[in-house]
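Notes to accompany the following structure.
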Amino acid sequence: MRLPNLGSRERAFFVLDFWVMERQTNSLEETAQVAAECLASLEPSQQATVLALRGDLGAGKTTFTQALARELGISENVTSPTFVIMKIYDLENKVFERLIHIDAYRFDTPDELDGLNFSDFLKDPKNLIVVEWPEKVEGKLPPETVFIDFKFISETVREISYS
Ligand code: ADP
Ligand code: MG
């Protein structure tokens, strides 16, 4: 992952052998900007790229995904897939051809992922897969998964960190 330029409210630090980016956003627009930078820093690999978004309800996971979708050129409204579990958007992006948004909040067991053809989605490097509530599908995500943590700081402020 390439390291973006740092602003005044951002910091980057080295933990064991990887960089951690941590920053506070004071608005939806700033969260969207972090999403855009995160997207730009992704380097496609031999298989699908997986982003795992952790954090409490209301921490900003869906908001972040909506910003990713906009950045990828999706004009339709990206809603929370909590009730439908998974949504797939076709992209006209050079790197990714599909955005697959999964919300595992209602999963009782990680095996529910198998019913969504998840292992097939993982094989295609043209897929960008975003998983909300990755804790619910522990053991099912590839080792290359990029974990992004969201923390509620105040009504309008969130802390976002990823490595
Ligand atoms: P989650 O998917 O993690 O449950 P959502 O993205 O659905 O959370 O909800 C986040 C809520 O917090 C939205 O209503 C959004 O408008 C609000 N919010 C306030 N400030 C921010 C911020 N800086 N970044 C992201 N969301 C914010
Ligand atoms: Mg959500």
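Letters A, B, ... go to the chains of the structure tokens in the order shown; residues in each chain start at 1; ligands are counted from 1 in the same order.
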
Show me, as CSV, the residues of chain A having an atom within 9 Å of ligand 1, each with the closest atom pair and its distance in Å, using only C-alpha atoms and all ligand atoms.
```
residue,atom,partner,partner_atom_place_in_ligand_line,distance
A:Gln24,CA,ligand 1,23 (N),7.6
A:Thr25,CA,ligand 1,23 (N),4.7
A:Asn26,CA,ligand 1,23 (N),4.5
A:Ser27,CA,ligand 1,23 (N),3.7
A:Leu28,CA,ligand 1,24 (N),4.5
A:Glu29,CA,ligand 1,23 (N),7.5
A:Glu30,CA,ligand 1,23 (N),6.5
A:Thr31,CA,ligand 1,24 (N),4.8
A:Ala32,CA,ligand 1,24 (N),7.8
A:Leu53,CA,ligand 1,3 (O),8.1
A:Arg54,CA,ligand 1,3 (O),7.8
A:Gly55,CA,ligand 1,3 (O),6.1
A:Asp56,CA,ligand 1,3 (O),5.9
A:Leu57,CA,ligand 1,4 (O),3.6
A:Gly58,CA,ligand 1,8 (O),3.4
A:Ala59,CA,ligand 1,3 (O),3.9
A:Gly60,CA,ligand 1,6 (O),3.3
A:Lys61,CA,ligand 1,3 (O),3.7
A:Thr62,CA,ligand 1,2 (O),3.7
A:Thr63,CA,ligand 1,6 (O),3.6
A:Phe64,CA,ligand 1,6 (O),6.4
A:Thr65,CA,ligand 1,6 (O),7.9
A:Gln66,CA,ligand 1,6 (O),8.3
A:Thr79,CA,ligand 1,7 (O),8.7
A:Ser80,CA,ligand 1,7 (O),6.8
A:Thr82,CA,ligand 1,2 (O),9.0
A:Asp103,CA,ligand 1,2 (O),8.8
A:Glu132,CA,ligand 1,2 (O),7.2
A:Trp133,CA,ligand 1,3 (O),8.8
A:Phe150,CA,ligand 1,3 (O),7.3
A:Lys151,CA,ligand 1,3 (O),8.8
A:Phe152,CA,ligand 1,12 (O),8.3
A:Ile153,CA,ligand 1,23 (N),8.9
A:Ser154,CA,ligand 1,20 (N),7.8
A:Glu155,CA,ligand 1,19 (C),5.7
A:Thr156,CA,ligand 1,20 (N),3.4
A:Val157,CA,ligand 1,23 (N),4.4
A:Arg158,CA,ligand 1,23 (N),4.8
A:Glu159,CA,ligand 1,23 (N),7.9
A:Ile160,CA,ligand 1,24 (N),8.8
```

- Message: Give me, as an MDAnalysis selection string, all polymer residues having an atom no more than 8 Å from Pro110 in chain A, counting only C-alpha atoms and skipping those fewer than 5 positions away in the same chain.
- Response: chainID A and resid 136:140

Could you write out the selected residues, including C-alpha atoms, as a PDB file, in the first residue's frame?
```pdb
ATOM      1  CA  LYS A 136     -18.961 -12.287  11.723  1.00  0.00           C
ATOM      2  CA  VAL A 137     -17.030 -14.084   8.998  1.00  0.00           C
ATOM      3  CA  GLU A 138     -13.848 -14.756  10.886  1.00  0.00           C
ATOM      4  CA  GLY A 139     -11.608 -17.268   9.146  1.00  0.00           C
ATOM      5  CA  LYS A 140     -13.234 -16.711   5.748  1.00  0.00           C
TER       6      LYS A 140
END
```

Can you pull out every residue from range 9-56 of chain A that DSSP, working from the backbone, puts in alpha helix (DSSP H), and format the result as a PDB file with C-alpha atoms, in the first residue's frame?
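And here is the file that came out, part-v7.pdb:
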```pdb
ATOM      1  CA  LEU A  28     -18.935  13.107   5.552  1.00  0.00           C
ATOM      2  CA  GLU A  29     -16.826  14.871   2.927  1.00  0.00           C
ATOM      3  CA  GLU A  30     -13.634  14.162   4.833  1.00  0.00           C
ATOM      4  CA  THR A  31     -14.601  10.523   5.251  1.00  0.00           C
ATOM      5  CA  ALA A  32     -15.254  10.400   1.496  1.00  0.00           C
ATOM      6  CA  GLN A  33     -11.813  11.823   0.896  1.00  0.00           C
ATOM      7  CA  VAL A  34     -10.212   9.089   3.003  1.00  0.00           C
ATOM      8  CA  ALA A  35     -12.165   6.517   0.986  1.00  0.00           C
ATOM      9  CA  ALA A  36     -10.871   8.002  -2.262  1.00  0.00           C
ATOM     10  CA  GLU A  37      -7.282   7.948  -0.997  1.00  0.00           C
ATOM     11  CA  CYS A  38      -7.651   4.421   0.274  1.00  0.00           C
ATOM     12  CA  LEU A  39      -8.966   3.348  -3.137  1.00  0.00           C
ATOM     13  CA  ALA A  40      -6.081   5.049  -4.910  1.00  0.00           C
ATOM     14  CA  SER A  41      -3.587   3.249  -2.696  1.00  0.00           C
TER      15      SER A  41
END
```

- When distances are computed from only C-alpha atoms and all ligand atoms, which of A:Ile88, A:Val78, A:Val95, A:Val146 shows the smallest separation from ligand 2? A:Val78

- Task: Could you check how far CA of Tyr89 in chain A sits from CA of Phe118 in chain A, in Å to one decimal?
- Result: 15.2 Å

- Point-to-point distance from CA of Leu116 in chain A to CA of Thr49 in chain A, Å rounded to tenths: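 Rounded to one decimal, the two atoms are 16.7 Å apart.
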
- Give me every strand (DSSP E) residue in range 2-133 of chain A, going by DSSP on the backbone, as a VMD selection string. chain A and resid 10 to 15 18 to 25 49 to 54 86 to 90 98 to 103 127 to 132

Once you have the residues from the selection above, write them out as a PDB file, in the first residue's frame, restricted to C-alpha atoms.
```pdb
ATOM      1  CA  GLU A  10      -3.181  12.701  10.234  1.00  0.00           C
ATOM      2  CA  ARG A  11      -0.411  10.509  11.396  1.00  0.00           C
ATOM      3  CA  ALA A  12       1.299   7.424  10.160  1.00  0.00           C
ATOM      4  CA  PHE A  13       3.266   5.009  12.232  1.00  0.00           C
ATOM      5  CA  PHE A  14       5.117   1.780  11.762  1.00  0.00           C
ATOM      6  CA  VAL A  15       3.824  -1.229  13.719  1.00  0.00           C
ATOM      7  CA  PHE A  18       3.536  -2.435   8.327  1.00  0.00           C
ATOM      8  CA  TRP A  19       2.351   1.157   8.198  1.00  0.00           C
ATOM      9  CA  VAL A  20      -0.759   2.258  10.031  1.00  0.00           C
ATOM     10  CA  MET A  21      -2.674   5.285   8.759  1.00  0.00           C
ATOM     11  CA  GLU A  22      -4.844   6.916  11.346  1.00  0.00           C
ATOM     12  CA  ARG A  23      -6.865  10.064  10.922  1.00  0.00           C
ATOM     13  CA  GLN A  24      -9.879  11.910  12.175  1.00  0.00           C
ATOM     14  CA  THR A  25     -12.568  13.084   9.803  1.00  0.00           C
ATOM     15  CA  THR A  49      -9.159  -7.120  -3.287  1.00  0.00           C
ATOM     16  CA  VAL A  50     -10.984  -7.345   0.036  1.00  0.00           C
ATOM     17  CA  LEU A  51     -11.619  -4.416   2.375  1.00  0.00           C
ATOM     18  CA  ALA A  52     -12.929  -5.375   5.818  1.00  0.00           C
ATOM     19  CA  LEU A  53     -14.631  -2.498   7.633  1.00  0.00           C
ATOM     20  CA  ARG A  54     -14.736  -2.843  11.421  1.00  0.00           C
ATOM     21  CA  MET A  86     -25.020  -8.426  -0.511  1.00  0.00           C
ATOM     22  CA  LYS A  87     -25.143  -5.982  -3.408  1.00  0.00           C
ATOM     23  CA  ILE A  88     -23.105  -6.153  -6.603  1.00  0.00           C
ATOM     24  CA  TYR A  89     -22.384  -3.091  -8.743  1.00  0.00           C
ATOM     25  CA  ASP A  90     -20.871  -3.257 -12.233  1.00  0.00           C
ATOM     26  CA  ARG A  98     -17.259  -5.093  -9.833  1.00  0.00           C
ATOM     27  CA  LEU A  99     -17.896  -3.653  -6.395  1.00  0.00           C
ATOM     28  CA  ILE A 100     -19.334  -6.300  -4.103  1.00  0.00           C
ATOM     29  CA  HIS A 101     -20.735  -4.909  -0.868  1.00  0.00           C
ATOM     30  CA  ILE A 102     -21.453  -7.451   1.857  1.00  0.00           C
ATOM     31  CA  ASP A 103     -22.931  -6.681   5.265  1.00  0.00           C
ATOM     32  CA  ASN A 127     -13.544  -7.715  -7.888  1.00  0.00           C
ATOM     33  CA  LEU A 128     -13.357  -5.156  -5.108  1.00  0.00           C
ATOM     34  CA  ILE A 129     -15.122  -6.735  -2.143  1.00  0.00           C
ATOM     35  CA  VAL A 130     -16.146  -4.618   0.844  1.00  0.00           C
ATOM     36  CA  VAL A 131     -17.243  -6.486   3.965  1.00  0.00           C
ATOM     37  CA  GLU A 132     -18.963  -4.760   6.869  1.00  0.00           C
TER      38      GLU A 132
END
```

- Query: By how many Å are CA of Asn93 in chain A and CA of Glu135 in chain A apart?
  - Reply: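 These atoms are spaced 29.1 Å apart.
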